[in-house]
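Q: Just so it is clear, I am handing over query.cif, which has mmCIF, C-alpha atoms.
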```
data_coords
#
loop_
_atom_site.label_atom_id
_atom_site.label_comp_id
_atom_site.auth_asym_id
_atom_site.auth_seq_id
_atom_site.Cartn_x
_atom_site.Cartn_y
_atom_site.Cartn_z
CA MET Z 108 -15.19 -16.11 -0.43
CA ASN Z 109 -11.98 -18.10 -0.94
CA LEU Z 110 -9.70 -15.60 -2.64
CA PRO Z 111 -5.92 -16.14 -2.77
CA LEU Z 112 -5.11 -13.26 -0.42
CA LEU Z 113 -1.74 -12.51 1.15
CA ARG Z 114 -2.04 -12.55 4.95
CA PRO Z 115 0.86 -10.60 6.50
CA ALA Z 116 2.49 -12.55 9.31
CA ALA Z 117 3.62 -9.24 10.83
CA PHE Z 118 0.24 -8.77 12.55
CA GLU Z 119 -0.48 -12.35 13.64
CA GLY Z 120 0.58 -11.64 17.21
CA ILE Z 121 -1.48 -8.46 17.59
CA PRO Z 122 -4.83 -9.04 19.29
CA GLY Z 123 -7.89 -8.10 17.29
CA VAL Z 124 -6.11 -6.94 14.13
CA GLY Z 125 -6.63 -8.41 10.66
CA ALA Z 126 -4.71 -7.64 7.47
CA ALA Z 127 -4.73 -8.87 3.88
CA MET Z 128 -3.67 -7.97 0.36
CA SER Z 129 -5.27 -9.11 -2.86
CA THR Z 130 -3.51 -10.65 -5.83
CA ARG Z 131 -4.84 -10.42 -9.37
CA ALA Z 132 -6.59 -13.80 -9.09
CA GLY Z 133 -10.18 -14.63 -8.23
CA GLY Z 134 -12.18 -11.87 -9.92
CA VAL Z 135 -14.53 -11.41 -12.86
CA SER Z 136 -12.72 -8.85 -15.03
CA PRO Z 137 -11.42 -9.85 -18.49
CA ALA Z 138 -8.04 -8.92 -19.93
CA PRO Z 139 -6.26 -6.53 -19.65
CA TRP Z 140 -7.65 -6.21 -16.10
CA ALA Z 141 -7.86 -9.94 -15.44
CA GLU Z 142 -9.01 -10.91 -12.92
CA LEU Z 143 -9.56 -9.21 -9.55
CA ASN Z 144 -9.29 -5.58 -10.60
CA LEU Z 145 -10.33 -3.32 -7.71
CA GLY Z 146 -9.68 0.05 -9.39
CA ARG Z 147 -12.52 2.14 -10.79
CA ALA Z 148 -10.43 4.58 -12.81
CA VAL Z 149 -8.52 2.19 -15.08
CA GLY Z 150 -11.10 1.60 -17.84
CA ASP Z 151 -12.77 -1.53 -16.49
CA ASP Z 152 -16.56 -1.88 -16.35
CA ALA Z 153 -17.96 -0.39 -13.13
CA ALA Z 154 -20.23 -3.37 -12.43
CA ARG Z 155 -17.30 -5.78 -12.70
CA VAL Z 156 -15.20 -3.63 -10.37
CA GLN Z 157 -17.99 -3.57 -7.81
CA ALA Z 158 -18.35 -7.35 -8.04
CA ASN Z 159 -14.61 -7.69 -7.44
CA ARG Z 160 -14.75 -5.30 -4.48
CA ASP Z 161 -17.63 -7.27 -3.00
CA ARG Z 162 -15.56 -10.45 -3.29
CA PHE Z 163 -12.57 -8.79 -1.66
CA GLU Z 164 -14.64 -7.45 1.25
CA ALA Z 165 -16.30 -10.82 1.78
CA ALA Z 166 -12.90 -12.51 1.91
CA LEU Z 167 -11.69 -10.21 4.68
CA GLY Z 168 -13.90 -12.07 7.12
CA GLY Z 169 -16.82 -11.28 9.36
CA GLU Z 170 -15.93 -12.37 12.88
CA PRO Z 171 -17.06 -11.02 15.25
CA ILE Z 172 -18.37 -8.23 12.99
CA ALA Z 173 -18.44 -7.74 9.23
CA VAL Z 174 -15.49 -5.85 7.76
CA ARG Z 175 -16.12 -3.04 5.27
CA ALA Z 176 -13.40 -1.44 3.15
CA VAL Z 177 -13.16 2.32 2.66
CA TRP Z 178 -11.72 3.10 -0.77
CA LEU Z 179 -9.62 6.24 -1.12
CA ARG Z 180 -9.23 8.54 -4.11
CA GLN Z 181 -5.44 8.44 -4.24
CA VAL Z 182 -3.40 11.34 -5.63
CA HIS Z 183 0.21 10.51 -4.64
CA GLY Z 184 0.04 12.99 -1.77
CA THR Z 185 0.35 12.96 2.01
CA THR Z 186 -3.23 13.49 3.19
CA VAL Z 187 -4.30 11.00 5.88
CA ARG Z 188 -7.97 10.29 6.51
CA ARG Z 189 -9.19 9.21 9.94
CA LEU Z 190 -11.99 6.78 9.14
CA THR Z 191 -15.24 6.52 11.08
CA ALA Z 192 -18.59 4.81 10.57
CA ALA Z 193 -19.69 7.82 8.48
CA ASP Z 194 -17.26 6.72 5.78
CA LEU Z 195 -19.25 3.50 5.37
CA ALA Z 196 -22.52 5.22 4.46
CA ASP Z 197 -23.91 4.23 1.07
CA ASP Z 198 -23.70 7.82 -0.16
CA ALA Z 199 -20.18 8.48 1.19
CA ALA Z 200 -17.77 9.64 -1.50
CA ASP Z 201 -14.30 8.14 -1.80
CA PRO Z 202 -12.22 10.58 0.28
CA PRO Z 203 -9.19 12.15 -1.47
CA ALA Z 204 -6.28 10.78 0.55
CA ASP Z 205 -3.28 8.48 0.23
CA ALA Z 206 -3.45 7.04 3.72
CA ALA Z 207 -6.05 6.20 6.34
CA VAL Z 208 -6.14 5.33 10.02
CA THR Z 209 -8.92 4.16 12.29
CA THR Z 210 -9.63 3.10 15.85
CA GLU Z 211 -13.11 1.79 15.03
CA PRO Z 212 -13.77 -1.95 14.56
CA GLY Z 213 -14.98 -3.30 11.24
CA ILE Z 214 -13.51 -0.51 9.08
CA ALA Z 215 -10.70 -1.59 6.77
CA CYS Z 216 -8.10 1.05 5.95
CA THR Z 217 -7.50 0.21 2.30
CA VAL Z 218 -5.02 1.37 -0.35
CA MET Z 219 -4.76 0.35 -4.00
CA VAL Z 220 -1.53 -0.34 -5.85
CA ALA Z 221 -0.08 -1.66 -9.09
CA ASP Z 222 3.69 -1.11 -8.48
CA CYS Z 223 3.56 1.50 -5.70
CA LEU Z 224 4.31 0.22 -2.22
CA PRO Z 225 1.41 -0.63 0.13
CA VAL Z 226 2.34 -0.05 3.78
CA LEU Z 227 0.15 -1.47 6.55
CA LEU Z 228 0.61 -0.33 10.14
CA GLY Z 229 -0.78 -1.55 13.44
CA SER Z 230 -0.12 -0.66 17.07
CA ARG Z 231 1.05 -3.54 19.23
CA ASP Z 232 -1.93 -3.09 21.55
CA GLY Z 233 -4.35 -3.33 18.61
CA ARG Z 234 -5.98 0.04 19.32
CA VAL Z 235 -5.21 1.72 15.99
CA VAL Z 236 -4.41 0.62 12.45
CA GLY Z 237 -3.41 2.44 9.29
CA ALA Z 238 -2.59 1.98 5.61
CA ALA Z 239 -0.53 4.14 3.27
CA HIS Z 240 -0.12 4.27 -0.50
CA ALA Z 241 3.60 4.89 -0.91
CA GLY Z 242 4.91 5.59 -4.37
CA TRP Z 243 8.14 7.54 -4.59
CA ARG Z 244 6.36 10.91 -4.57
CA GLY Z 245 4.40 10.12 -1.44
CA LEU Z 246 7.44 8.65 0.29
CA ALA Z 247 9.60 11.67 -0.49
CA SER Z 248 6.85 14.05 0.64
CA GLY Z 249 6.28 12.30 3.98
CA VAL Z 250 3.16 10.15 3.68
CA LEU Z 251 4.52 7.58 6.15
CA GLU Z 252 5.46 10.19 8.72
CA ALA Z 253 2.01 11.77 8.33
CA THR Z 254 0.34 8.39 8.88
CA LEU Z 255 2.36 7.74 12.03
CA ALA Z 256 1.41 11.19 13.34
CA ALA Z 257 -2.27 10.46 12.65
CA MET Z 258 -2.03 7.16 14.55
CA GLN Z 259 -0.52 8.96 17.52
CA ASP Z 260 -3.27 11.59 17.40
CA ALA Z 261 -5.96 8.91 17.19
CA ALA Z 262 -4.79 6.58 19.96
CA GLY Z 263 -1.61 7.95 21.54
CA SER Z 264 0.43 5.26 19.80
CA ARG Z 265 4.05 6.31 19.41
CA PRO Z 266 6.14 5.16 16.42
CA GLU Z 267 7.97 2.68 18.64
CA ASP Z 268 4.58 1.08 19.40
CA ILE Z 269 3.91 0.39 15.70
CA VAL Z 270 4.48 -2.70 13.55
CA ALA Z 271 4.85 -2.04 9.81
CA TRP Z 272 4.43 -4.36 6.83
CA LEU Z 273 5.74 -3.47 3.36
CA GLY Z 274 3.82 -5.30 0.66
CA PRO Z 275 4.75 -6.34 -2.87
CA CYS Z 276 5.80 -3.50 -5.15
CA ILE Z 277 8.05 -2.79 -8.11
CA GLY Z 278 11.48 -4.22 -7.31
CA PRO Z 279 14.86 -2.52 -7.81
CA PRO Z 280 15.75 -4.37 -11.06
CA ALA Z 281 12.61 -2.95 -12.71
CA PHE Z 282 12.40 0.49 -11.07
CA GLU Z 283 14.41 2.78 -13.31
CA VAL Z 284 14.39 6.43 -12.22
CA GLY Z 285 16.07 9.68 -13.15
CA ALA Z 286 18.11 12.14 -11.16
CA ASP Z 287 14.97 14.00 -10.08
CA VAL Z 288 13.82 11.02 -8.02
CA VAL Z 289 17.25 10.58 -6.44
CA GLN Z 290 17.34 14.26 -5.49
CA ALA Z 291 13.78 14.13 -4.10
CA PHE Z 292 15.15 11.96 -1.29
CA GLY Z 293 17.98 14.37 -0.52
CA VAL Z 294 20.64 12.31 -2.25
CA GLU Z 295 23.09 13.82 -4.70
CA PRO Z 296 23.19 11.64 -7.84
CA SER Z 297 26.99 11.70 -7.86
CA GLN Z 298 26.98 10.12 -4.38
CA SER Z 299 24.73 7.18 -5.30
CA LEU Z 300 26.59 5.05 -7.80
CA CYS Z 301 26.85 1.53 -6.48
CA LYS Z 302 24.72 0.93 -3.40
CA SER Z 303 21.08 0.83 -2.34
CA PRO Z 304 18.67 2.58 -2.29
CA PHE Z 305 19.84 4.04 -5.62
CA VAL Z 306 22.19 2.09 -7.86
CA TYR Z 307 23.55 3.79 -10.96
CA ARG Z 308 22.69 1.95 -14.17
CA PRO Z 309 23.02 4.18 -17.25
CA ARG Z 310 21.18 3.26 -20.41
CA PRO Z 311 23.18 1.90 -23.37
CA ASP Z 312 23.21 5.38 -24.91
CA GLY Z 313 24.82 6.77 -21.75
CA SER Z 314 21.69 8.46 -20.35
CA PRO Z 315 22.00 8.57 -16.54
CA ARG Z 316 19.54 6.29 -14.77
CA TRP Z 317 19.31 4.66 -11.37
CA ARG Z 318 17.58 1.56 -10.01
CA ALA Z 319 15.60 2.54 -6.93
CA ASP Z 320 14.78 0.27 -3.98
CA LEU Z 321 11.32 1.42 -2.84
CA PRO Z 322 11.04 -0.89 0.19
CA SER Z 323 14.47 0.18 1.43
CA LEU Z 324 13.51 3.84 1.11
CA ALA Z 325 10.30 3.22 3.05
CA ALA Z 326 12.02 1.16 5.74
CA ALA Z 327 14.66 3.86 6.23
CA ARG Z 328 12.02 6.54 6.71
CA LEU Z 329 10.00 4.41 9.11
CA ARG Z 330 13.05 3.59 11.21
CA ALA Z 331 14.15 7.22 11.21
CA ALA Z 332 10.68 8.09 12.54
CA GLY Z 333 11.04 5.55 15.36
CA VAL Z 334 9.43 2.37 14.00
CA ASP Z 335 11.77 -0.51 14.81
CA ASP Z 336 9.60 -3.44 13.63
CA VAL Z 337 9.48 -3.24 9.83
CA GLN Z 338 8.76 -6.41 7.87
CA ALA Z 339 8.91 -6.56 4.07
CA GLU Z 340 7.16 -9.07 1.81
CA GLY Z 341 10.02 -8.78 -0.69
CA ARG Z 342 8.08 -9.63 -3.85
CA CYS Z 343 8.21 -7.72 -7.14
CA THR Z 344 4.97 -6.85 -8.91
CA VAL Z 345 6.73 -6.49 -12.26
CA ALA Z 346 8.48 -9.86 -12.10
CA GLU Z 347 5.44 -11.87 -10.93
CA GLY Z 348 2.99 -11.28 -13.74
CA SER Z 349 0.74 -14.21 -12.89
CA ALA Z 350 0.25 -12.96 -9.33
CA PHE Z 351 0.27 -9.17 -9.49
CA PHE Z 352 -0.86 -6.22 -11.58
CA SER Z 353 1.95 -3.91 -12.73
CA TYR Z 354 1.45 -0.54 -14.38
CA ARG Z 355 5.14 -0.31 -15.30
CA ARG Z 356 4.98 -3.69 -17.04
CA ASP Z 357 1.56 -3.55 -18.71
CA GLY Z 358 0.32 0.04 -18.89
CA ILE Z 359 -3.40 -0.73 -18.96
CA THR Z 360 -3.97 -3.03 -16.01
CA GLY Z 361 -5.90 -3.54 -12.80
CA ARG Z 362 -5.29 -2.54 -9.19
CA MET Z 363 -4.72 -4.63 -6.08
CA ALA Z 364 -5.67 -3.62 -2.55
CA ALA Z 365 -4.01 -3.94 0.83
CA ALA Z 366 -6.19 -3.56 3.92
CA ILE Z 367 -5.89 -3.61 7.69
CA TRP Z 368 -8.69 -3.46 10.26
CA ARG Z 369 -9.65 -3.91 13.90
CA ARG Z 370 -11.88 -6.92 14.50
CA GLY Z 371 -13.47 -5.55 17.63
#
```
Would it be possible to restate this file's structure as structure tokens?
A:
Amino acid sequence: MNLPLLRPAAFEGIPGVGAAMSTRAGGVSPAPWAELNLGRAVGDDAARVQANRDRFEAALGGEPIAVRAVWLRQVHGTTVRRLTAADLADDAADPPADAAVTTEPGIACTVMVADCLPVLLGSRDGRVVGAAHAGWRGLASGVLEATLAAMQDAAGSRPEDIVAWLGPCIGPPAFEVGADVVQAFGVEPSQSLCKSPFVYRPRPDGSPRWRADLPSLAAARLRAAGVDDVQAEGRCTVAEGSAFFSYRRDGITGRMAAAIWRRG
């Protein structure tokens, strides 16, 4: 299936690792979910969502073995699921988690987004891969640190062994937040007036608001945890309406997916 997928260059040099992220193009869903909506809980018809998921899985590739995606039931938390072949069973329920890791070939760790930040992770030796759904709540609570810990448990891969890719997400010009979000990252609002990751931009009526830089927040946490190779796509889901779904922009909309897997 020839879908217009993003193929992160961050993992091109890692043996046996594949990675991709969908755009909104190439699916069967009508507006407001047009076209490749991969989310089941956004009001779209279930049969159309399944057809879109089948297209996405087929586009991931099948060499030397077919790749199957495991879809998570995301709750903006920090639970990490270690995926095995049991998660591919026809009767397997979507596990409640916001991140997944695996050492087994053919299983795609997959997260869905529509403004939140998708983070894909792979060890340089190709032994373990992981994906995390990183909105501000998950970031502040430690979902990336939990994913790194799960990768170390699964394959002994230390943070310094990991390559990270930060996918498209809501960009700073569009990501208006209140003082509660600033404080969730241990920053006093009075100390964050003119520089990233929080830039003070009050509303015309004087209400205090900040513009938050989600990729910068994620990169800072990854580097603090020991990951020195962090590569960001640098594209805004809100600004690129023809390419990406955006909940902040549209309200009722579809979901994209970012996936990473071991080929074998």
Q: Mind checking which residues fall within 6 Å of range 178-195 of chain Z, counting all atoms listed in the file, ignoring those fewer than 3 positions away in the same chain, and posting them as a list of chain:residue names?
A: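 Returned residues: Z:Ala199, Z:Asp201, Z:Pro202, Z:Pro203, Z:Ala204, Z:Asp205, Z:Ala206, Z:Ala207, Z:Val208, Z:Thr209, Z:Thr217, Z:Gly245, Z:Val250.
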Q: Evaluating the PyMOL selection byres ((chain Z and resi 272) around 8) on the displayed file yields which residues, as a compact mmCIF listing (two decimals) with C-alpha atoms, keeping the file's coordinate frame?
A:
```txt
# COMPACT_ATOMS: atom_id res chain seq x y z
CA PRO Z 115 0.86 -10.60 6.50
CA ALA Z 117 3.62 -9.24 10.83
CA VAL Z 226 2.34 -0.05 3.78
CA LEU Z 227 0.15 -1.47 6.55
CA LEU Z 228 0.61 -0.33 10.14
CA VAL Z 270 4.48 -2.70 13.55
CA ALA Z 271 4.85 -2.04 9.81
CA LEU Z 273 5.74 -3.47 3.36
CA GLY Z 274 3.82 -5.30 0.66
CA VAL Z 337 9.48 -3.24 9.83
CA GLN Z 338 8.76 -6.41 7.87
CA ALA Z 339 8.91 -6.56 4.07
CA GLU Z 340 7.16 -9.07 1.81
```
Q: Return the single residue from Z:Val149, Z:Ala127, Z:Val135, Z:Val174 that is closest to Gly371 in chain Z, with distances computed using all atoms listed in the file.
A: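 The shortest atom-to-atom distance to Gly371 in chain Z comes from Z:Val174.
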Q: Give as a short mmCIF file (atom, residue, chain, number, x, y, z; two decimals) with C-alpha atoms, in the coordinates of the input the residues that the PyMOL selection byres ((chain Z and resi 120) around 12) matches when applied to the coordinates above.
A:
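Result file follows (expr-v5.cif):
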```cif
data_model
loop_
_atom_site.label_atom_id
_atom_site.label_comp_id
_atom_site.auth_asym_id
_atom_site.auth_seq_id
_atom_site.Cartn_x
_atom_site.Cartn_y
_atom_site.Cartn_z
CA PRO Z 115 0.86 -10.60 6.50
CA ALA Z 116 2.49 -12.55 9.31
CA ALA Z 117 3.62 -9.24 10.83
CA PHE Z 118 0.24 -8.77 12.55
CA GLU Z 119 -0.48 -12.35 13.64
CA ILE Z 121 -1.48 -8.46 17.59
CA PRO Z 122 -4.83 -9.04 19.29
CA GLY Z 123 -7.89 -8.10 17.29
CA VAL Z 124 -6.11 -6.94 14.13
CA GLY Z 125 -6.63 -8.41 10.66
CA ALA Z 126 -4.71 -7.64 7.47
CA GLY Z 229 -0.78 -1.55 13.44
CA SER Z 230 -0.12 -0.66 17.07
CA ARG Z 231 1.05 -3.54 19.23
CA ASP Z 232 -1.93 -3.09 21.55
CA GLY Z 233 -4.35 -3.33 18.61
CA VAL Z 270 4.48 -2.70 13.55
#
```
Q: Give me, please, the distance in Å between CA of Ile269 in chain Z and CA of Arg318 in chain Z, quoted to one decimal.
A: 29.1 Å
Q: Once the PyMOL selection byres ((chain Z and resi 224) around 9) is applied to the coordinates I shared, what remains selected? I want it as a PyMOL selection string.
A: chain Z and resi 220-223+225-226+239-243+273-277+321-322+325
